[in-house]
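What follows is one structure encoded as structure tokens, with my remarks underneath.
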Amino acid sequence: MSVRVQADDFDASHEIAALTANRTDIGAIVTFTGTVRGEAKGKSIASMTLEHYPGMTEAELERVEAEAHARWPLDATRIIHRFGELKPGANIVLVVTASRHRQAAFEAAEYLMDYLKSRAPFWKKETAADGTGNWVDARETDEAALARWNLPVKPTPGVKPAG
Amino acid sequence: MSVRVQADDFDASHEIAALTANRTDIGAIVTFTGTVRGEAKGKSIASMTLEHYPGMTEAELERVEAEAHARWPLDATRIIHRFGELKPGANIVLVVTASRHRQAAFEAAEYLMDYLKSRAPFWKKETAADGTGNWVDARETDEAALARWNLPVKPTPGVKPAG
Amino acid sequence: MKLLYFAWVRERIGRAGETLELPAEIRTVADLVAWLKTRGPEYAEAFARPDLVRAAINQEHVKPDAPIAGAREIAFFPPVTGG
Amino acid sequence: MKLLYFAWVRERIGRAGETLELPAEIRTVADLVAWLKTRGPEYAEAFARPDLVRAAINQEHVKPDAPIAGAREIAFFPPVTGG
């Protein structure tokens with residue numbers, strides 16, 4: 001299984017090793033690791049809590065991953081996203097892409113992150129040192145990052161009438 | 001020292017940990033790992049030998065790294081390149097970029113690889129299963145990859161080009 | 001109908017989900033939002049700015065004009081901020 | 001002058017480097033290549049296609065028209081293929 005949603009931490013080298021074990025056809029591996037920053041808008045953050053939508057989260061990550069495989073010649077990918085309360089400096093997300101072409105590995109990793117950020121149902125709540133909580137707003141720059149992939153807009157998934 | 005030229009292997013997680021230890025200002029870490037492929041032009045490869053120009057190699061890698069720091073808001077970078085005889089599947093090169101902006105981390109890692117590939121004085125010799133050796137030719141696609149950085153810096157959402 | 005709420009939508013409504021009988025005239029997600037807003041001040045507050053609330057039917061993102069016929073599960077949440 | 005050779009330039013010339021007295025009329029890298037080619041068939045073969053040989057002076061990449069005045073170390077090698 002190449003998509004995991006978990007409370008536990010992850011290790012980038014371990015995931016690279018798992019994806020590339022006994023393979024000599026891969027020439028390029030890109031990883032992206034997102035971590036909790038200790039400051040937001042000039043305010044110190046005591047912790048970050050990630051809420052998610054169990055079931056839909058995995059489904060969205062798998063959809064995003066399948067789209068990357070359809071678009072680039074990838075040999076292997078992995079997406080790991082944590083949930084729960086995380087301290088500054090802690091890992092949040094890991095994306096790994098492996099390909100024989102380095103540009104494919106780079107582009108696919110960027111694409112996965114852009115799509116993950118605007119489609120995977122995660123929400124971040126920052127808790128300040130004084131205990132006050134703040135839900136992080138979606139950033140317009142994330143929408144812009146997505147737009148550059150210039151995909152046709154995905155039609156709204158229709159729901160078939162029952163019966 | 002953020003540039004290393006060595007015969008020994010490296011570990012991506014170890015380098016990420018070293019760059020981010022006790023730091024909570026970094027939000028995004030990108031790694032690129034290049035590995036020896038077991039096949040070249042349909043021919044099986046027994047090993048790959050990397051020759052380099054001691055002194056100039058380190059100087060070029062440091063120049064390339066300084067250029068990336070001038071161009072993107074990077075918190076930390078690392079470049080490790082191996083030399084000597086390597087087997088298929090073995091690591092060749094590791095680039096790590098850390099930034100508070102994910103797109104800066106991605107772009108800088110791509111840039112470092114593109115420049116490293118066309119400027120750092122390394123040469124690869126493939127040894128086939130039958131013992132014959134073949135110096136790997138420089139690829140035109142690497143020149144093309146480099147050329148795209150000569151364009152004016154494209155504005156990237158949320159990231160001001162440094163300088 | 002099984003409804004789920006996440007993040008500040010959940011906090012404002014005061015529960016993570018509920019199962020409700022929906023009036024037959026509710027055909028779209030937007031209809032459902034309008035009806036929920038009449039159920040109490042906590043709903044009115046949660047959906048005060050419908051443009052800030054996203055919806056999913058059967059765990060897939062949908063737009064406000066999506067029909068709810070055939071839905072097993074409808075979720076409301078703010079724009080996502082993972083990664 | 002200290003000269004260094006790498007990869008197949010080294011293999012064709014048959015040595016990794018040497019220290020040579022250069023004639024005074026040699027001003028540029030291209031002049032040096034032309035002179036080296038007269039030193040024997042191994043040099044002629046190594047520099048048979050000068051467009052495939054790159055040069056560095058004092059460990060910095062240079063073009064064929066670069067002056068060699070002030071050089072401590074001049075290196076010749078194929079286009080690089082690391083990474």
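Here's how to read the names in the structure tokens: chain A, B, ... by the order shown, residue numbers from 1 in each chain, ligand numbers from 1 in the order shown.
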Would you write out chain B as a tab-separated table (two decimals) with C-alpha atoms, in the first residue's frame, after superposing it on chain A by least squares over all in-order Cα pairs?
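Below is the file result_4.tsv, written as the result:
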```tsv
chain	number	residue	atom	x	y	z
B	1	MET	CA	-0.82	-0.28	2.15
B	2	SER	CA	0.20	2.99	0.57
B	3	VAL	CA	-1.74	5.37	2.85
B	4	ARG	CA	-0.85	5.73	6.52
B	5	VAL	CA	-2.21	8.01	9.25
B	6	GLN	CA	0.02	7.85	12.29
B	7	ALA	CA	1.41	9.72	15.30
B	8	ASP	CA	4.93	8.49	14.59
B	9	ASP	CA	7.49	10.24	12.46
B	10	PHE	CA	8.47	8.99	8.99
B	11	ASP	CA	11.63	8.85	6.91
B	12	ALA	CA	11.54	9.86	3.24
B	13	SER	CA	14.47	7.65	2.16
B	14	HIS	CA	12.95	4.65	3.91
B	15	GLU	CA	9.70	5.14	2.01
B	16	ILE	CA	11.49	5.67	-1.32
B	17	ALA	CA	13.44	2.47	-0.71
B	18	ALA	CA	10.25	0.56	0.16
B	19	LEU	CA	8.49	1.74	-3.01
B	20	THR	CA	11.39	1.06	-5.35
B	21	ALA	CA	12.84	-2.14	-3.82
B	22	ASN	CA	13.69	-4.68	-6.52
B	23	ARG	CA	12.18	-2.47	-9.20
B	24	THR	CA	14.09	-1.20	-12.20
B	25	ASP	CA	11.14	0.18	-14.17
B	26	ILE	CA	10.88	3.41	-12.15
B	27	GLY	CA	12.95	6.32	-13.37
B	28	ALA	CA	11.62	9.23	-11.33
B	29	ILE	CA	10.67	9.60	-7.68
B	30	VAL	CA	9.27	12.82	-6.22
B	31	THR	CA	8.73	13.41	-2.52
B	32	PHE	CA	6.94	16.23	-0.77
B	33	THR	CA	7.53	16.75	2.92
B	34	GLY	CA	5.48	19.27	4.87
B	35	THR	CA	6.89	20.47	8.18
B	36	VAL	CA	5.69	22.57	11.13
B	37	ARG	CA	6.79	26.18	10.80
B	38	GLY	CA	7.82	27.96	13.95
B	39	GLU	CA	5.97	31.15	13.16
B	40	ALA	CA	2.49	32.06	12.00
B	41	LYS	CA	1.39	35.60	11.18
B	42	GLY	CA	4.45	36.95	12.97
B	43	LYS	CA	3.70	35.01	16.14
B	44	SER	CA	5.98	32.33	17.52
B	45	ILE	CA	4.48	28.83	17.68
B	46	ALA	CA	5.28	26.48	20.55
B	47	SER	CA	3.54	23.48	18.98
B	48	MET	CA	1.00	22.41	16.40
B	49	THR	CA	-1.69	19.86	17.19
B	50	LEU	CA	-3.28	17.91	14.37
B	51	GLU	CA	-6.75	16.52	14.93
B	52	HIS	CA	-8.27	14.15	12.40
B	53	TYR	CA	-11.34	12.04	11.67
B	54	PRO	CA	-10.24	8.42	12.04
B	55	GLY	CA	-11.68	6.28	9.28
B	56	MET	CA	-12.71	9.12	7.01
B	57	THR	CA	-9.11	10.36	6.84
B	58	GLU	CA	-7.80	7.07	5.48
B	59	ALA	CA	-10.77	6.80	3.11
B	60	GLU	CA	-10.18	10.30	1.71
B	61	LEU	CA	-6.46	9.75	1.28
B	62	GLU	CA	-7.15	6.50	-0.56
B	63	ARG	CA	-9.68	8.23	-2.82
B	64	VAL	CA	-7.21	11.02	-3.58
B	65	GLU	CA	-4.49	8.49	-4.31
B	66	ALA	CA	-6.74	6.45	-6.62
B	67	GLU	CA	-7.57	9.62	-8.55
B	68	ALA	CA	-3.88	10.35	-9.08
B	69	HIS	CA	-3.32	6.81	-10.37
B	70	ALA	CA	-6.24	7.21	-12.77
B	71	ARG	CA	-4.80	10.43	-14.09
B	72	TRP	CA	-1.05	9.76	-14.39
B	73	PRO	CA	1.06	6.70	-15.25
B	74	LEU	CA	2.30	6.09	-11.72
B	75	ASP	CA	4.24	3.02	-10.67
B	76	ALA	CA	3.82	3.59	-6.94
B	77	THR	CA	2.66	6.19	-4.44
B	78	ARG	CA	2.70	6.68	-0.71
B	79	ILE	CA	0.91	9.15	1.54
B	80	ILE	CA	1.76	9.45	5.23
B	81	HIS	CA	0.08	12.03	7.43
B	82	ARG	CA	0.81	12.48	11.12
B	83	PHE	CA	-1.58	13.54	13.88
B	84	GLY	CA	-1.10	14.67	17.47
B	85	GLU	CA	1.13	17.36	18.93
B	86	LEU	CA	4.12	18.32	16.80
B	87	LYS	CA	6.96	20.75	17.49
B	88	PRO	CA	8.30	23.34	15.02
B	89	GLY	CA	10.48	21.66	12.42
B	90	ALA	CA	8.69	18.32	12.82
B	91	ASN	CA	7.37	16.43	9.82
B	92	ILE	CA	3.62	16.59	9.15
B	93	VAL	CA	3.02	14.94	5.81
B	94	LEU	CA	4.92	12.90	3.22
B	95	VAL	CA	3.81	12.23	-0.33
B	96	VAL	CA	5.91	10.01	-2.60
B	97	THR	CA	5.19	9.42	-6.28
B	98	ALA	CA	7.14	7.11	-8.57
B	99	SER	CA	6.83	6.95	-12.33
B	100	ARG	CA	8.93	6.33	-15.39
B	101	HIS	CA	8.18	9.94	-16.41
B	102	ARG	CA	9.48	12.76	-14.28
B	103	GLN	CA	6.72	15.17	-15.17
B	104	ALA	CA	4.06	12.65	-14.19
B	105	ALA	CA	5.78	12.15	-10.83
B	106	PHE	CA	5.96	15.91	-10.24
B	107	GLU	CA	2.39	16.65	-11.29
B	108	ALA	CA	0.92	13.76	-9.34
B	109	ALA	CA	2.75	14.82	-6.16
B	110	GLU	CA	1.42	18.38	-6.53
B	111	TYR	CA	-2.06	17.07	-7.20
B	112	LEU	CA	-1.98	14.78	-4.18
B	113	MET	CA	-0.93	17.66	-1.94
B	114	ASP	CA	-3.54	20.04	-3.34
B	115	TYR	CA	-6.33	17.51	-2.87
B	116	LEU	CA	-5.10	16.30	0.47
B	117	LYS	CA	-5.06	19.89	1.77
B	118	SER	CA	-8.67	20.54	0.88
B	119	ARG	CA	-10.25	17.12	1.35
B	120	ALA	CA	-8.48	15.09	4.00
B	121	PRO	CA	-10.17	15.74	7.36
B	122	PHE	CA	-7.30	17.18	9.36
B	123	TRP	CA	-7.40	20.33	11.47
B	124	LYS	CA	-4.43	22.23	12.81
B	125	LYS	CA	-4.38	24.06	16.11
B	126	GLU	CA	-1.41	26.26	16.85
B	127	THR	CA	-0.35	26.76	20.44
B	128	ALA	CA	1.57	29.99	20.98
B	129	ALA	CA	4.43	30.38	23.47
B	130	ASP	CA	1.97	31.93	25.97
B	131	GLY	CA	-0.27	28.85	25.79
B	132	THR	CA	-3.08	30.38	23.75
B	133	GLY	CA	-4.52	28.16	21.05
B	134	ASN	CA	-5.62	29.09	17.56
B	135	TRP	CA	-7.32	26.92	14.95
B	136	VAL	CA	-5.66	27.51	11.59
B	137	ASP	CA	-8.06	28.89	8.98
B	138	ALA	CA	-8.36	27.23	5.59
B	139	ARG	CA	-6.51	29.30	3.05
B	140	GLU	CA	-8.06	30.66	-0.10
B	141	THR	CA	-4.82	29.91	-1.92
B	142	ASP	CA	-5.41	26.22	-1.25
B	143	GLU	CA	-8.80	26.46	-2.94
B	144	ALA	CA	-7.15	28.24	-5.86
B	145	ALA	CA	-4.46	25.56	-6.06
B	146	LEU	CA	-7.18	22.96	-6.29
B	147	ALA	CA	-9.13	24.81	-8.94
B	148	ARG	CA	-6.34	24.55	-11.48
B	149	TRP	CA	-6.73	20.74	-11.64
B	150	ASN	CA	-10.29	21.16	-12.88
B	151	LEU	CA	-8.92	22.41	-16.16
B	152	PRO	CA	-8.73	19.92	-18.98
B	153	VAL	CA	-5.61	17.82	-18.56
B	154	LYS	CA	-2.80	19.69	-20.25
B	155	PRO	CA	-0.79	17.62	-22.68
B	156	THR	CA	2.62	17.03	-21.17
B	157	PRO	CA	5.66	16.07	-23.22
B	158	GLY	CA	6.11	12.34	-23.30
B	159	VAL	CA	3.31	11.67	-20.85
B	160	LYS	CA	-0.10	10.44	-21.87
B	161	PRO	CA	-2.75	11.21	-19.28
B	162	ALA	CA	-4.21	7.92	-18.15
B	163	GLY	CA	-7.87	7.10	-18.73
```
Produce the least-squares-superposed copy of chain C, fitted on chain D over all in-order C-alpha pairs, as a compact mmCIF listing (two decimals) with N, CA, C and O atoms, in the first residue's frame.
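File produced: selection.txt:
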```txt
# COMPACT_ATOMS: atom_id res chain seq x y z
N MET C 1 54.24 24.39 -16.57
CA MET C 1 52.80 24.45 -16.33
C MET C 1 52.28 23.06 -15.93
O MET C 1 52.61 22.07 -16.56
N LYS C 2 51.44 23.04 -14.87
CA LYS C 2 50.86 21.78 -14.44
C LYS C 2 49.61 21.48 -15.26
O LYS C 2 48.67 22.29 -15.28
N LEU C 3 49.61 20.35 -15.96
CA LEU C 3 48.45 19.94 -16.75
C LEU C 3 47.83 18.70 -16.13
O LEU C 3 48.54 17.83 -15.64
N LEU C 4 46.49 18.65 -16.16
CA LEU C 4 45.77 17.49 -15.62
C LEU C 4 44.82 16.97 -16.69
O LEU C 4 44.23 17.75 -17.44
N TYR C 5 44.66 15.63 -16.72
CA TYR C 5 43.76 15.01 -17.70
C TYR C 5 42.79 14.09 -16.95
O TYR C 5 43.20 13.37 -16.03
N PHE C 6 41.54 14.10 -17.38
CA PHE C 6 40.54 13.27 -16.72
C PHE C 6 39.76 12.42 -17.72
O PHE C 6 39.65 12.77 -18.90
N ALA C 7 39.22 11.32 -17.20
CA ALA C 7 38.32 10.43 -17.95
C ALA C 7 39.00 9.96 -19.24
O ALA C 7 40.17 9.57 -19.19
N TRP C 8 38.28 9.97 -20.38
CA TRP C 8 38.93 9.39 -21.57
C TRP C 8 40.06 10.26 -22.12
O TRP C 8 40.89 9.76 -22.87
N VAL C 9 40.13 11.52 -21.76
CA VAL C 9 41.29 12.32 -22.14
C VAL C 9 42.54 11.74 -21.45
O VAL C 9 43.59 11.53 -22.07
N ARG C 10 42.39 11.45 -20.17
CA ARG C 10 43.47 10.81 -19.40
C ARG C 10 43.85 9.46 -20.00
O ARG C 10 45.05 9.16 -20.20
N GLU C 11 42.83 8.66 -20.31
CA GLU C 11 43.12 7.32 -20.85
C GLU C 11 43.85 7.39 -22.19
O GLU C 11 44.77 6.61 -22.46
N ARG C 12 43.42 8.31 -23.06
CA ARG C 12 44.04 8.38 -24.39
C ARG C 12 45.47 8.90 -24.31
O ARG C 12 46.35 8.40 -25.01
N ILE C 13 45.70 9.90 -23.45
CA ILE C 13 47.05 10.44 -23.32
C ILE C 13 47.93 9.47 -22.55
O ILE C 13 49.14 9.40 -22.76
N GLY C 14 47.30 8.68 -21.68
CA GLY C 14 48.06 7.66 -20.97
C GLY C 14 48.66 8.12 -19.66
O GLY C 14 49.50 7.45 -19.07
N ARG C 15 48.26 9.29 -19.21
CA ARG C 15 48.72 9.75 -17.90
C ARG C 15 47.68 10.73 -17.31
O ARG C 15 46.90 11.32 -18.06
N ALA C 16 47.72 10.86 -15.99
CA ALA C 16 46.74 11.70 -15.29
C ALA C 16 47.16 13.16 -15.27
O ALA C 16 46.34 14.04 -15.01
N GLY C 17 48.44 13.40 -15.56
CA GLY C 17 48.91 14.79 -15.55
C GLY C 17 50.40 14.84 -15.81
O GLY C 17 51.07 13.79 -15.89
N GLU C 18 50.89 16.05 -15.99
CA GLU C 18 52.33 16.23 -16.24
C GLU C 18 52.64 17.72 -16.07
O GLU C 18 51.74 18.57 -16.08
N THR C 19 53.91 18.03 -15.89
CA THR C 19 54.34 19.42 -15.81
C THR C 19 55.22 19.71 -17.01
O THR C 19 56.23 19.02 -17.23
N LEU C 20 54.80 20.67 -17.83
CA LEU C 20 55.49 20.95 -19.10
C LEU C 20 55.91 22.42 -19.16
O LEU C 20 55.23 23.28 -18.61
N GLU C 21 57.03 22.64 -19.85
CA GLU C 21 57.43 24.02 -20.19
C GLU C 21 56.69 24.40 -21.46
O GLU C 21 56.83 23.73 -22.48
N LEU C 22 55.93 25.46 -21.41
CA LEU C 22 55.16 25.84 -22.60
C LEU C 22 55.90 26.92 -23.39
O LEU C 22 56.45 27.86 -22.80
N PRO C 23 55.89 26.81 -24.74
CA PRO C 23 56.47 27.88 -25.56
C PRO C 23 55.77 29.21 -25.27
O PRO C 23 54.57 29.25 -24.99
N ALA C 24 56.53 30.27 -25.37
CA ALA C 24 56.01 31.59 -25.00
C ALA C 24 54.84 32.03 -25.87
O ALA C 24 54.00 32.83 -25.44
N GLU C 25 54.77 31.52 -27.11
CA GLU C 25 53.71 31.99 -28.02
C GLU C 25 52.34 31.41 -27.69
O GLU C 25 51.34 31.81 -28.30
N ILE C 26 52.28 30.51 -26.76
CA ILE C 26 50.97 29.94 -26.39
C ILE C 26 50.25 30.91 -25.45
O ILE C 26 50.69 31.14 -24.32
N ARG C 27 49.15 31.46 -25.94
CA ARG C 27 48.45 32.47 -25.15
C ARG C 27 47.08 32.00 -24.64
O ARG C 27 46.63 32.43 -23.60
N THR C 28 46.45 31.12 -25.40
CA THR C 28 45.09 30.70 -25.02
C THR C 28 45.02 29.19 -24.85
O THR C 28 45.94 28.45 -25.24
N VAL C 29 43.88 28.76 -24.31
CA VAL C 29 43.63 27.32 -24.17
C VAL C 29 43.67 26.66 -25.54
O VAL C 29 44.24 25.57 -25.71
N ALA C 30 43.10 27.30 -26.56
CA ALA C 30 43.10 26.72 -27.91
C ALA C 30 44.53 26.58 -28.44
O ALA C 30 44.86 25.56 -29.08
N ASP C 31 45.37 27.57 -28.19
CA ASP C 31 46.78 27.47 -28.57
C ASP C 31 47.44 26.25 -27.92
O ASP C 31 48.20 25.51 -28.55
N LEU C 32 47.12 26.08 -26.64
CA LEU C 32 47.72 24.98 -25.88
C LEU C 32 47.28 23.63 -26.46
O LEU C 32 48.09 22.71 -26.61
N VAL C 33 45.99 23.53 -26.79
CA VAL C 33 45.48 22.28 -27.39
C VAL C 33 46.20 22.01 -28.71
O VAL C 33 46.65 20.87 -28.97
N ALA C 34 46.35 23.04 -29.55
CA ALA C 34 47.01 22.86 -30.85
C ALA C 34 48.45 22.39 -30.67
O ALA C 34 48.94 21.51 -31.39
N TRP C 35 49.12 22.94 -29.68
CA TRP C 35 50.51 22.56 -29.41
C TRP C 35 50.60 21.13 -28.87
O TRP C 35 51.45 20.33 -29.29
N LEU C 36 49.69 20.80 -27.94
CA LEU C 36 49.70 19.44 -27.37
C LEU C 36 49.50 18.38 -28.46
O LEU C 36 50.12 17.32 -28.43
N LYS C 37 48.65 18.70 -29.45
CA LYS C 37 48.37 17.74 -30.52
C LYS C 37 49.62 17.38 -31.33
O LYS C 37 49.67 16.33 -31.96
N THR C 38 50.63 18.26 -31.27
CA THR C 38 51.87 17.99 -32.03
C THR C 38 52.83 17.11 -31.23
O THR C 38 53.88 16.73 -31.74
N ARG C 39 52.48 16.82 -29.98
CA ARG C 39 53.44 16.12 -29.12
C ARG C 39 53.43 14.60 -29.29
O ARG C 39 54.26 13.91 -28.69
N GLY C 40 52.49 14.08 -30.06
CA GLY C 40 52.48 12.63 -30.25
C GLY C 40 51.09 12.14 -30.61
O GLY C 40 50.10 12.87 -30.42
N PRO C 41 51.01 10.91 -31.11
CA PRO C 41 49.72 10.39 -31.56
C PRO C 41 48.70 10.27 -30.42
O PRO C 41 47.50 10.40 -30.64
N GLU C 42 49.19 10.01 -29.19
CA GLU C 42 48.24 9.88 -28.07
C GLU C 42 47.55 11.22 -27.79
O GLU C 42 46.36 11.26 -27.48
N TYR C 43 48.30 12.32 -27.94
CA TYR C 43 47.69 13.65 -27.76
C TYR C 43 46.77 13.96 -28.93
O TYR C 43 45.68 14.51 -28.77
N ALA C 44 47.26 13.61 -30.14
CA ALA C 44 46.45 13.86 -31.34
C ALA C 44 45.10 13.16 -31.22
O ALA C 44 44.05 13.72 -31.57
N GLU C 45 45.13 11.94 -30.66
CA GLU C 45 43.88 11.19 -30.52
C GLU C 45 42.99 11.83 -29.43
O GLU C 45 41.78 11.97 -29.60
N ALA C 46 43.62 12.22 -28.34
CA ALA C 46 42.84 12.79 -27.22
C ALA C 46 42.13 14.08 -27.64
O ALA C 46 41.00 14.35 -27.23
N PHE C 47 42.82 14.86 -28.50
CA PHE C 47 42.24 16.16 -28.89
C PHE C 47 41.74 16.14 -30.33
O PHE C 47 41.59 17.20 -30.96
N ALA C 48 41.47 14.94 -30.86
CA ALA C 48 41.03 14.82 -32.26
C ALA C 48 39.78 15.66 -32.52
O ALA C 48 39.62 16.24 -33.59
N ARG C 49 38.92 15.72 -31.52
CA ARG C 49 37.72 16.57 -31.66
C ARG C 49 37.71 17.57 -30.51
O ARG C 49 37.13 17.32 -29.45
N PRO C 50 38.38 18.70 -30.72
CA PRO C 50 38.53 19.67 -29.61
C PRO C 50 37.18 20.12 -29.04
O PRO C 50 37.10 20.50 -27.86
N ASP C 51 36.11 20.06 -29.84
CA ASP C 51 34.79 20.46 -29.34
C ASP C 51 34.29 19.51 -28.25
O ASP C 51 33.37 19.84 -27.51
N LEU C 52 34.88 18.32 -28.16
CA LEU C 52 34.46 17.36 -27.14
C LEU C 52 35.33 17.44 -25.89
O LEU C 52 35.12 16.68 -24.95
N VAL C 53 36.31 18.32 -25.90
CA VAL C 53 37.18 18.44 -24.73
C VAL C 53 36.93 19.79 -24.06
O VAL C 53 36.90 20.83 -24.71
N ARG C 54 36.70 19.72 -22.76
CA ARG C 54 36.50 20.93 -21.97
C ARG C 54 37.78 21.26 -21.20
O ARG C 54 38.61 20.37 -20.98
N ALA C 55 37.90 22.51 -20.78
CA ALA C 55 39.10 22.91 -20.05
C ALA C 55 38.74 23.68 -18.79
O ALA C 55 37.67 24.30 -18.69
N ALA C 56 39.61 23.61 -17.81
CA ALA C 56 39.49 24.43 -16.60
C ALA C 56 40.85 25.03 -16.31
O ALA C 56 41.88 24.37 -16.48
N ILE C 57 40.86 26.30 -15.93
CA ILE C 57 42.09 26.95 -15.47
C ILE C 57 41.92 27.25 -14.00
O ILE C 57 40.92 27.83 -13.59
N ASN C 58 42.91 26.81 -13.22
CA ASN C 58 42.83 27.01 -11.77
C ASN C 58 41.48 26.56 -11.21
O ASN C 58 40.85 27.23 -10.40
N GLN C 59 41.01 25.41 -11.73
CA GLN C 59 39.78 24.76 -11.23
C GLN C 59 38.51 25.54 -11.53
O GLN C 59 37.50 25.39 -10.83
N GLU C 60 38.55 26.38 -12.58
CA GLU C 60 37.30 27.00 -13.04
C GLU C 60 37.12 26.72 -14.53
O GLU C 60 38.07 26.84 -15.31
N HIS C 61 35.88 26.40 -14.92
CA HIS C 61 35.59 26.15 -16.34
C HIS C 61 35.99 27.36 -17.18
O HIS C 61 35.71 28.50 -16.79
N VAL C 62 36.63 27.12 -18.33
CA VAL C 62 36.94 28.21 -19.26
C VAL C 62 36.62 27.78 -20.69
O VAL C 62 36.47 26.59 -20.99
N LYS C 63 36.51 28.78 -21.56
CA LYS C 63 36.29 28.53 -22.99
C LYS C 63 37.65 28.45 -23.69
O LYS C 63 38.67 28.86 -23.14
N PRO C 64 37.66 27.94 -24.96
CA PRO C 64 38.95 27.78 -25.67
C PRO C 64 39.71 29.09 -25.85
O PRO C 64 40.95 29.08 -25.92
N ASP C 65 39.00 30.21 -25.89
CA ASP C 65 39.71 31.47 -26.11
C ASP C 65 40.24 32.10 -24.81
O ASP C 65 40.78 33.21 -24.82
N ALA C 66 40.09 31.39 -23.69
CA ALA C 66 40.58 31.94 -22.41
C ALA C 66 42.10 32.04 -22.41
O ALA C 66 42.78 31.10 -22.82
N PRO C 67 42.65 33.18 -21.97
CA PRO C 67 44.10 33.30 -21.87
C PRO C 67 44.66 32.43 -20.75
O PRO C 67 44.00 32.24 -19.72
N ILE C 68 45.84 31.88 -20.96
CA ILE C 68 46.40 31.00 -19.93
C ILE C 68 47.38 31.73 -19.02
O ILE C 68 47.92 31.14 -18.09
N ALA C 69 47.59 33.01 -19.28
CA ALA C 69 48.50 33.78 -18.42
C ALA C 69 48.01 33.71 -16.98
O ALA C 69 46.81 33.89 -16.70
N GLY C 70 48.89 33.44 -16.05
CA GLY C 70 48.53 33.39 -14.64
C GLY C 70 48.02 32.04 -14.19
O GLY C 70 47.74 31.84 -13.01
N ALA C 71 47.90 31.09 -15.10
CA ALA C 71 47.40 29.76 -14.72
C ALA C 71 48.42 29.02 -13.88
O ALA C 71 49.62 29.05 -14.17
N ARG C 72 47.92 28.38 -12.81
CA ARG C 72 48.78 27.49 -12.03
C ARG C 72 48.55 26.04 -12.48
O ARG C 72 49.43 25.20 -12.39
N GLU C 73 47.32 25.79 -12.96
CA GLU C 73 46.91 24.42 -13.23
C GLU C 73 45.87 24.47 -14.35
O GLU C 73 44.90 25.23 -14.27
N ILE C 74 46.11 23.69 -15.41
CA ILE C 74 45.14 23.64 -16.51
C ILE C 74 44.70 22.19 -16.68
O ILE C 74 45.54 21.28 -16.74
N ALA C 75 43.39 21.98 -16.72
CA ALA C 75 42.86 20.61 -16.83
C ALA C 75 42.06 20.46 -18.11
O ALA C 75 41.40 21.40 -18.55
N PHE C 76 42.15 19.26 -18.69
CA PHE C 76 41.35 18.91 -19.88
C PHE C 76 40.52 17.68 -19.57
O PHE C 76 41.02 16.73 -18.95
N PHE C 77 39.27 17.71 -20.02
CA PHE C 77 38.37 16.59 -19.72
C PHE C 77 37.17 16.61 -20.65
O PHE C 77 36.87 17.64 -21.26
N PRO C 78 36.45 15.49 -20.74
CA PRO C 78 35.22 15.47 -21.54
C PRO C 78 34.12 16.26 -20.83
O PRO C 78 34.26 16.60 -19.65
N PRO C 79 33.03 16.54 -21.55
CA PRO C 79 31.87 17.13 -20.87
C PRO C 79 31.50 16.30 -19.65
O PRO C 79 31.57 15.07 -19.70
N VAL C 80 31.14 16.97 -18.57
CA VAL C 80 30.94 16.26 -17.30
C VAL C 80 29.63 15.46 -17.32
O VAL C 80 28.68 15.80 -18.02
N THR C 81 29.62 14.37 -16.56
CA THR C 81 28.45 13.48 -16.55
C THR C 81 28.12 12.98 -15.15
O THR C 81 27.75 11.83 -14.96
N GLY C 82 28.28 13.85 -14.16
CA GLY C 82 27.97 13.42 -12.80
C GLY C 82 26.48 13.44 -12.50
O GLY C 82 25.66 13.59 -13.40
N GLY C 83 26.17 13.30 -11.24
CA GLY C 83 24.78 13.43 -10.78
C GLY C 83 23.98 12.17 -10.93
O GLY C 83 24.38 11.22 -11.53
```
> So which residues of range 4-162 of chain B fall under strand (DSSP E) by DSSP, listed as a PyMOL selection string?
Replying inline: chain B and resi 4-6+28-35+39-40+43-52+74-82+84-86+91-99+122-128+133-135
